[in-house]
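Before any comments, here is the structure.
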Amino acid sequence: MQLYYHPLSGHAHRARLLLSLLGLEHDLVLVDLARREHKQEPFLKLNPFGQVPVLDDGGTIICDSNAILVYLAKTTGRTDWLPEEPQGAAAVQRWLSVAAGQIAHGPAQARLINVFKAPYRPEEVIPRSHAILTLIEAALEGRGWIATDRPTIADVALYSYVARAPEGDVDLQPYANIRAWLERIEALPGFVDFQKTPVGLDA
């Protein structure tokens, strides 16, 4: 397997994280975002949307980070990471939608302002970040994992941008349940860290 990625992309990190947690051999292919390699013809042949990550599994091309998580769990038959039973599968899908929605438009965008000088408005994205973190904090009350009673791809999908939320000036100190949950993920065998950037509250 080859994973086309960038070390500062949280979307790429979640794909890399699951590959490592599953113990799957893979090569990392760096895509130079600064030089807009992701918008050039060779990469666009892999993903016409021009986004990382992309997984190449022996010629089978999977684009989109959450799609990669589903693909990896399904191809390896890891129903512990992606349940087959309806309630568990639905719970995982709910949080995959949160990762693609509220997390992408909250903590991820807040971080992009400081890391990549993205033209988002802090006065909009930081309150949005705290709104979704408050909901996640409540969902983790009395439980170890976000979707089921064990870690799933839902936890992987949420982890990267939540963990680096302080880089976008989003303080995690009020969220004890989230901070404990982050530590549980980081203690999993095969965990691989998301590269840190000394900006925002982490400067």
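The chains in the structure tokens are called A, B, ... from first to last as shown; in each chain the residues are counted from 1, and the ligands are counted from 1 in the order shown.
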
Among region 53-85 of chain A, which residues carry a DSSP assignment of strand (DSSP E or B), reported as a PDB file with all heavy atoms, in the first residue's frame?
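Listing of result.pdb after writing:
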ATOM      1  N   VAL A  54      -4.585  10.046  -0.311  1.00  0.00           N
ATOM      2  CA  VAL A  54      -5.029   9.060  -1.287  1.00  0.00           C
ATOM      3  C   VAL A  54      -4.324   7.756  -0.946  1.00  0.00           C
ATOM      4  O   VAL A  54      -3.116   7.744  -0.694  1.00  0.00           O
ATOM      5  CB  VAL A  54      -4.695   9.484  -2.729  1.00  0.00           C
ATOM      6  CG1 VAL A  54      -4.993   8.349  -3.703  1.00  0.00           C
ATOM      7  CG2 VAL A  54      -5.453  10.739  -3.113  1.00  0.00           C
ATOM      8  N   LEU A  55      -5.073   6.662  -0.948  1.00  0.00           N
ATOM      9  CA  LEU A  55      -4.497   5.334  -0.720  1.00  0.00           C
ATOM     10  C   LEU A  55      -4.468   4.567  -2.028  1.00  0.00           C
ATOM     11  O   LEU A  55      -5.482   4.488  -2.741  1.00  0.00           O
ATOM     12  CB  LEU A  55      -5.332   4.563   0.310  1.00  0.00           C
ATOM     13  CG  LEU A  55      -4.813   3.169   0.675  1.00  0.00           C
ATOM     14  CD1 LEU A  55      -3.547   3.262   1.529  1.00  0.00           C
ATOM     15  CD2 LEU A  55      -5.887   2.352   1.399  1.00  0.00           C
ATOM     16  N   ASP A  56      -3.296   4.027  -2.340  1.00  0.00           N
ATOM     17  CA  ASP A  56      -3.138   3.156  -3.505  1.00  0.00           C
ATOM     18  C   ASP A  56      -2.852   1.751  -2.978  1.00  0.00           C
ATOM     19  O   ASP A  56      -1.768   1.476  -2.462  1.00  0.00           O
ATOM     20  CB  ASP A  56      -1.986   3.658  -4.375  1.00  0.00           C
ATOM     21  CG  ASP A  56      -1.789   2.801  -5.638  1.00  0.00           C
ATOM     22  OD1 ASP A  56      -2.379   1.711  -5.728  1.00  0.00           O
ATOM     23  OD2 ASP A  56      -1.021   3.237  -6.516  1.00  0.00           O
ATOM     24  N   ASP A  57      -3.835   0.886  -3.095  1.00  0.00           N
ATOM     25  CA  ASP A  57      -3.694  -0.494  -2.629  1.00  0.00           C
ATOM     26  C   ASP A  57      -3.559  -1.405  -3.837  1.00  0.00           C
ATOM     27  O   ASP A  57      -4.541  -1.947  -4.347  1.00  0.00           O
ATOM     28  CB  ASP A  57      -4.908  -0.890  -1.783  1.00  0.00           C
ATOM     29  CG  ASP A  57      -4.798  -2.315  -1.230  1.00  0.00           C
ATOM     30  OD1 ASP A  57      -3.689  -2.903  -1.297  1.00  0.00           O
ATOM     31  OD2 ASP A  57      -5.807  -2.838  -0.731  1.00  0.00           O
ATOM     32  N   THR A  60      -5.761  -0.236  -6.613  1.00  0.00           N
ATOM     33  CA  THR A  60      -7.069   0.225  -6.169  1.00  0.00           C
ATOM     34  C   THR A  60      -6.887   1.561  -5.464  1.00  0.00           C
ATOM     35  O   THR A  60      -6.178   1.639  -4.453  1.00  0.00           O
ATOM     36  CB  THR A  60      -7.727  -0.785  -5.201  1.00  0.00           C
ATOM     37  OG1 THR A  60      -7.928  -2.023  -5.893  1.00  0.00           O
ATOM     38  CG2 THR A  60      -9.056  -0.270  -4.685  1.00  0.00           C
ATOM     39  N   ILE A  61      -7.486   2.610  -6.007  1.00  0.00           N
ATOM     40  CA  ILE A  61      -7.281   3.961  -5.511  1.00  0.00           C
ATOM     41  C   ILE A  61      -8.478   4.370  -4.653  1.00  0.00           C
ATOM     42  O   ILE A  61      -9.630   4.338  -5.113  1.00  0.00           O
ATOM     43  CB  ILE A  61      -7.103   4.970  -6.658  1.00  0.00           C
ATOM     44  CG1 ILE A  61      -5.970   4.518  -7.594  1.00  0.00           C
ATOM     45  CG2 ILE A  61      -6.854   6.366  -6.110  1.00  0.00           C
ATOM     46  CD1 ILE A  61      -4.617   4.419  -6.920  1.00  0.00           C
ATOM     47  N   ILE A  62      -8.198   4.750  -3.411  1.00  0.00           N
ATOM     48  CA  ILE A  62      -9.234   5.206  -2.499  1.00  0.00           C
ATOM     49  C   ILE A  62      -8.912   6.635  -2.082  1.00  0.00           C
ATOM     50  O   ILE A  62      -7.828   6.906  -1.545  1.00  0.00           O
ATOM     51  CB  ILE A  62      -9.334   4.313  -1.245  1.00  0.00           C
ATOM     52  CG1 ILE A  62      -9.460   2.832  -1.630  1.00  0.00           C
ATOM     53  CG2 ILE A  62     -10.509   4.744  -0.368  1.00  0.00           C
ATOM     54  CD1 ILE A  62     -10.710   2.488  -2.400  1.00  0.00           C
ATOM     55  N   CYS A  63      -9.833   7.552  -2.350  1.00  0.00           N
ATOM     56  CA  CYS A  63      -9.678   8.950  -1.970  1.00  0.00           C
ATOM     57  C   CYS A  63     -10.606   9.256  -0.796  1.00  0.00           C
ATOM     58  O   CYS A  63     -11.585   8.543  -0.578  1.00  0.00           O
ATOM     59  CB  CYS A  63     -10.010   9.863  -3.141  1.00  0.00           C
ATOM     60  SG  CYS A  63      -9.091   9.491  -4.660  1.00  0.00           S
TER      61      CYS A  63
END

Region 172-203 of chain A residues near region 107-118 of chain A within 8 Å, closest pair each, using only C-alpha atoms, as CSV:
residue,atom,partner,partner_atom,distance
A:Thr197,CA,A:Val115,CA,7.1
A:Val199,CA,A:Asn114,CA,6.2
A:Gly200,CA,A:Asn114,CA,6.5

Write out the residues from the selection above, keeping C-alpha atoms, as a tab-separated table (two decimals), in the first residue's frame.
chain	number	residue	atom	x	y	z
A	197	THR	CA	3.32	22.97	14.94
A	199	VAL	CA	1.51	28.04	16.84
A	200	GLY	CA	-1.57	29.27	18.68

Between A:His6, A:Leu82, A:Arg150, A:Glu124, which residue has the minimum interatomic distance to Ala34 (chain A), considering only C-alpha atoms?
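Under the stated criterion, the closest residue is A:His6.
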
To one decimal place, how far is CA of Trp95 (chain A) from CA of Ala154 (chain A) in Å?
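Pair CA of Trp95 (chain A) / CA of Ala154 (chain A) returns 5.6 Å.
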
Set the distance at 12 Å and use only C-alpha atoms: which residues neighbour Leu135 (chain A) once local chain neighbours fewer than 6 positions away are removed? I'd like the list as a PyMOL selection string.
chain A and resi 95+98+102-103+128-129+141+146+175+177-178

Expected file: the selected residues, all heavy atoms, as a tab-separated table (two decimals), in the first residue's frame:
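Just written: part_9.tsv:
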chain	number	residue	atom	x	y	z
A	95	TRP	N	-20.39	9.64	13.82
A	95	TRP	CA	-19.19	10.40	14.18
A	95	TRP	C	-18.28	10.63	12.99
A	95	TRP	O	-17.53	11.62	12.95
A	95	TRP	CB	-18.47	9.74	15.34
A	95	TRP	CG	-19.27	9.86	16.60
A	95	TRP	CD1	-19.97	8.88	17.24
A	95	TRP	CD2	-19.48	11.05	17.37
A	95	TRP	NE1	-20.61	9.38	18.34
A	95	TRP	CE2	-20.33	10.71	18.46
A	95	TRP	CE3	-19.06	12.38	17.23
A	95	TRP	CZ2	-20.73	11.65	19.40
A	95	TRP	CZ3	-19.46	13.31	18.18
A	95	TRP	CH2	-20.29	12.94	19.24
A	98	VAL	N	-19.59	13.77	11.75
A	98	VAL	CA	-19.12	14.88	12.57
A	98	VAL	C	-17.69	15.26	12.17
A	98	VAL	O	-17.35	16.45	12.07
A	98	VAL	CB	-19.20	14.52	14.06
A	98	VAL	CG1	-18.47	15.55	14.92
A	98	VAL	CG2	-20.65	14.40	14.51
A	102	GLN	N	-18.65	19.16	11.44
A	102	GLN	CA	-18.34	20.12	12.50
A	102	GLN	C	-16.86	20.19	12.85
A	102	GLN	O	-16.35	21.26	13.18
A	102	GLN	CB	-19.15	19.80	13.76
A	102	GLN	CG	-20.65	20.05	13.61
A	102	GLN	CD	-21.41	18.77	13.30
A	102	GLN	OE1	-20.97	17.93	12.51
A	102	GLN	NE2	-22.56	18.60	13.94
A	103	ILE	N	-16.15	19.06	12.80
A	103	ILE	CA	-14.71	19.10	13.10
A	103	ILE	C	-13.95	19.81	11.97
A	103	ILE	O	-13.09	20.65	12.22
A	103	ILE	CB	-14.15	17.68	13.30
A	103	ILE	CG1	-14.73	17.05	14.57
A	103	ILE	CG2	-12.62	17.70	13.36
A	103	ILE	CD1	-14.34	17.75	15.86
A	128	ARG	N	-17.35	27.88	16.89
A	128	ARG	CA	-17.84	26.62	16.32
A	128	ARG	C	-17.08	25.43	16.88
A	128	ARG	O	-17.64	24.36	17.13
A	128	ARG	CB	-17.71	26.64	14.79
A	128	ARG	CG	-18.74	27.46	14.06
A	128	ARG	CD	-18.97	26.96	12.64
A	128	ARG	NE	-17.79	27.00	11.81
A	128	ARG	CZ	-17.51	27.98	10.94
A	128	ARG	NH1	-18.30	29.03	10.85
A	128	ARG	NH2	-16.43	27.92	10.19
A	129	SER	N	-15.78	25.62	17.09
A	129	SER	CA	-14.95	24.55	17.65
A	129	SER	C	-15.41	24.18	19.05
A	129	SER	O	-15.56	23.00	19.38
A	129	SER	CB	-13.48	24.99	17.68
A	129	SER	OG	-12.99	25.27	16.39
A	141	GLU	N	-18.96	11.31	28.41
A	141	GLU	CA	-19.22	11.19	29.84
A	141	GLU	C	-19.53	9.74	30.20
A	141	GLU	O	-20.46	9.13	29.67
A	141	GLU	CB	-20.39	12.09	30.24
A	141	GLU	CG	-20.69	12.10	31.73
A	141	GLU	CD	-19.56	12.69	32.56
A	141	GLU	OE1	-18.88	13.63	32.08
A	141	GLU	OE2	-19.35	12.20	33.69
A	146	ILE	N	-15.87	6.86	21.68
A	146	ILE	CA	-16.93	7.74	21.21
A	146	ILE	C	-18.14	7.01	20.66
A	146	ILE	O	-19.26	7.49	20.80
A	146	ILE	CB	-16.38	8.75	20.17
A	146	ILE	CG1	-17.35	9.93	20.00
A	146	ILE	CG2	-16.08	8.08	18.84
A	146	ILE	CD1	-17.49	10.81	21.19
A	175	TYR	N	-12.12	20.56	28.87
A	175	TYR	CA	-12.72	19.30	28.43
A	175	TYR	C	-11.96	18.10	29.00
A	175	TYR	O	-11.15	17.47	28.31
A	175	TYR	CB	-12.75	19.26	26.90
A	175	TYR	CG	-13.40	20.48	26.29
A	175	TYR	CD1	-12.62	21.44	25.63
A	175	TYR	CD2	-14.76	20.68	26.39
A	175	TYR	CE1	-13.21	22.57	25.07
A	175	TYR	CE2	-15.37	21.81	25.84
A	175	TYR	CZ	-14.59	22.75	25.18
A	175	TYR	OH	-15.17	23.86	24.64
A	177	ASN	N	-12.99	15.07	29.82
A	177	ASN	CA	-13.29	13.80	29.16
A	177	ASN	C	-12.54	13.66	27.84
A	177	ASN	O	-12.03	12.59	27.51
A	177	ASN	CB	-14.80	13.67	28.91
A	177	ASN	CG	-15.60	13.54	30.18
A	177	ASN	OD1	-15.09	13.14	31.23
A	177	ASN	ND2	-16.87	13.90	30.12
A	178	ILE	N	-12.48	14.74	27.09
A	178	ILE	CA	-11.76	14.71	25.81
A	178	ILE	C	-10.28	14.49	26.04
A	178	ILE	O	-9.64	13.68	25.35
A	178	ILE	CB	-12.00	16.02	25.03
A	178	ILE	CG1	-13.44	16.04	24.48
A	178	ILE	CG2	-10.99	16.17	23.88
A	178	ILE	CD1	-13.81	17.32	23.76

Which residues, written as a list in words, have at least one atom at most 12 Å from Ile185 (chain A), with only C-alpha atoms counted and residues fewer than 5 positions away on the same chain left out?
Arg14, Leu17, Leu18, Leu21, Gly144, Trp145, Ile146, Arg150, Pro151, Thr152, Ile153, Ala154, Asp155, Val156, Ala157, Leu158, Tyr159, Ser160, Val162, Ala163, Ile178, Arg179, Ala180, Gly190, Phe191, Val192 and Asp193 of chain A

Closest to Gly59 (chain A) among A:Leu46, A:Leu19, A:Ala203, A:Gln87, using only C-alpha atoms?
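The closest residue to Gly59 (chain A) is A:Leu46.
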
Run DSSP on the backbone and grab whatever in region 64-190 of chain A lands in helix (DSSP H, G or I); send it over as a PyMOL selection string.
chain A and resi 65-75+86-103+107-116+122-139+153-163+165-168+176-186

Counting only C-alpha atoms, the option among A:Pro122, A:Lys45, A:Asp32, A:Tyr161 closest to Gln195 (chain A)
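The shortest atom-to-atom distance to Gln195 (chain A) comes from A:Tyr161.
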
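You can rank A:Glu25, A:Leu201, A:Ile132, A:Thr76 by their closest distance to Gly101 (chain A) using only C-alpha atoms, and at the top of that list sits A:Ile132.
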
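The smallest atom-to-atom distance between Ala138 (chain A) and any of A:Ala12, A:Arg78, A:Pro174, A:Pro86, using only C-alpha atoms, is found for A:Pro174.
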
Skipping near chain neighbours, those fewer than 3 positions away, what residues fall within 10 Å of region 88-90 of chain A using only C-alpha atoms, listed as number ranges by chain?
A: 79-85, 93-96, 147-149, 152, 154

Create the file for the chosen residues now, containing N, CA and C atoms and written as a CSV table (one decimal), in the first residue's frame.
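Writing done, so here's again08.csv:
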chain,number,residue,atom,x,y,z
A,79,THR,N,-13.9,-6.1,12.2
A,79,THR,CA,-15.2,-5.6,12.7
A,79,THR,C,-15.1,-5.0,14.1
A,80,ASP,N,-14.0,-5.1,14.7
A,80,ASP,CA,-13.8,-4.4,16.0
A,80,ASP,C,-13.6,-2.9,15.7
A,81,TRP,N,-13.0,-2.6,14.6
A,81,TRP,CA,-12.8,-1.2,14.3
A,81,TRP,C,-14.0,-0.6,13.5
A,82,LEU,N,-14.8,-1.4,12.8
A,82,LEU,CA,-16.0,-1.0,12.1
A,82,LEU,C,-17.0,-2.1,12.2
A,83,PRO,N,-17.9,-1.9,13.2
A,83,PRO,CA,-18.9,-3.0,13.5
A,83,PRO,C,-19.8,-3.3,12.3
A,84,GLU,N,-20.2,-4.6,12.2
A,84,GLU,CA,-21.1,-5.0,11.2
A,84,GLU,C,-22.6,-4.8,11.7
A,85,GLU,N,-22.8,-5.0,13.0
A,85,GLU,CA,-24.2,-4.9,13.5
A,85,GLU,C,-24.7,-3.5,13.4
A,93,GLN,N,-20.9,5.7,11.9
A,93,GLN,CA,-21.2,6.6,10.8
A,93,GLN,C,-21.5,8.0,11.3
A,94,ARG,N,-22.3,8.1,12.4
A,94,ARG,CA,-22.6,9.4,13.0
A,94,ARG,C,-21.4,10.2,13.2
A,95,TRP,N,-20.4,9.6,13.8
A,95,TRP,CA,-19.2,10.4,14.2
A,95,TRP,C,-18.3,10.6,13.0
A,96,LEU,N,-18.3,9.8,12.0
A,96,LEU,CA,-17.6,10.1,10.7
A,96,LEU,C,-18.2,11.3,10.1
A,147,ALA,N,-18.0,5.9,20.0
A,147,ALA,CA,-19.1,5.2,19.3
A,147,ALA,C,-19.6,3.9,20.0
A,148,THR,N,-18.6,3.1,20.4
A,148,THR,CA,-19.0,1.8,21.0
A,148,THR,C,-18.2,1.7,22.3
A,149,ASP,N,-18.1,0.4,22.8
A,149,ASP,CA,-17.4,0.2,24.1
A,149,ASP,C,-15.9,-0.1,23.8
A,152,THR,N,-12.9,2.5,17.7
A,152,THR,CA,-13.3,2.3,16.3
A,152,THR,C,-12.7,3.3,15.4
A,154,ALA,N,-14.3,5.7,14.2
A,154,ALA,CA,-14.8,7.0,14.6
A,154,ALA,C,-13.8,7.7,15.5

Considering only C-alpha atoms, state which residue in the set A:Arg164, A:Arg143, A:Arg16, A:His11 is at the smallest distance from Val29 (chain A).
A:Arg16
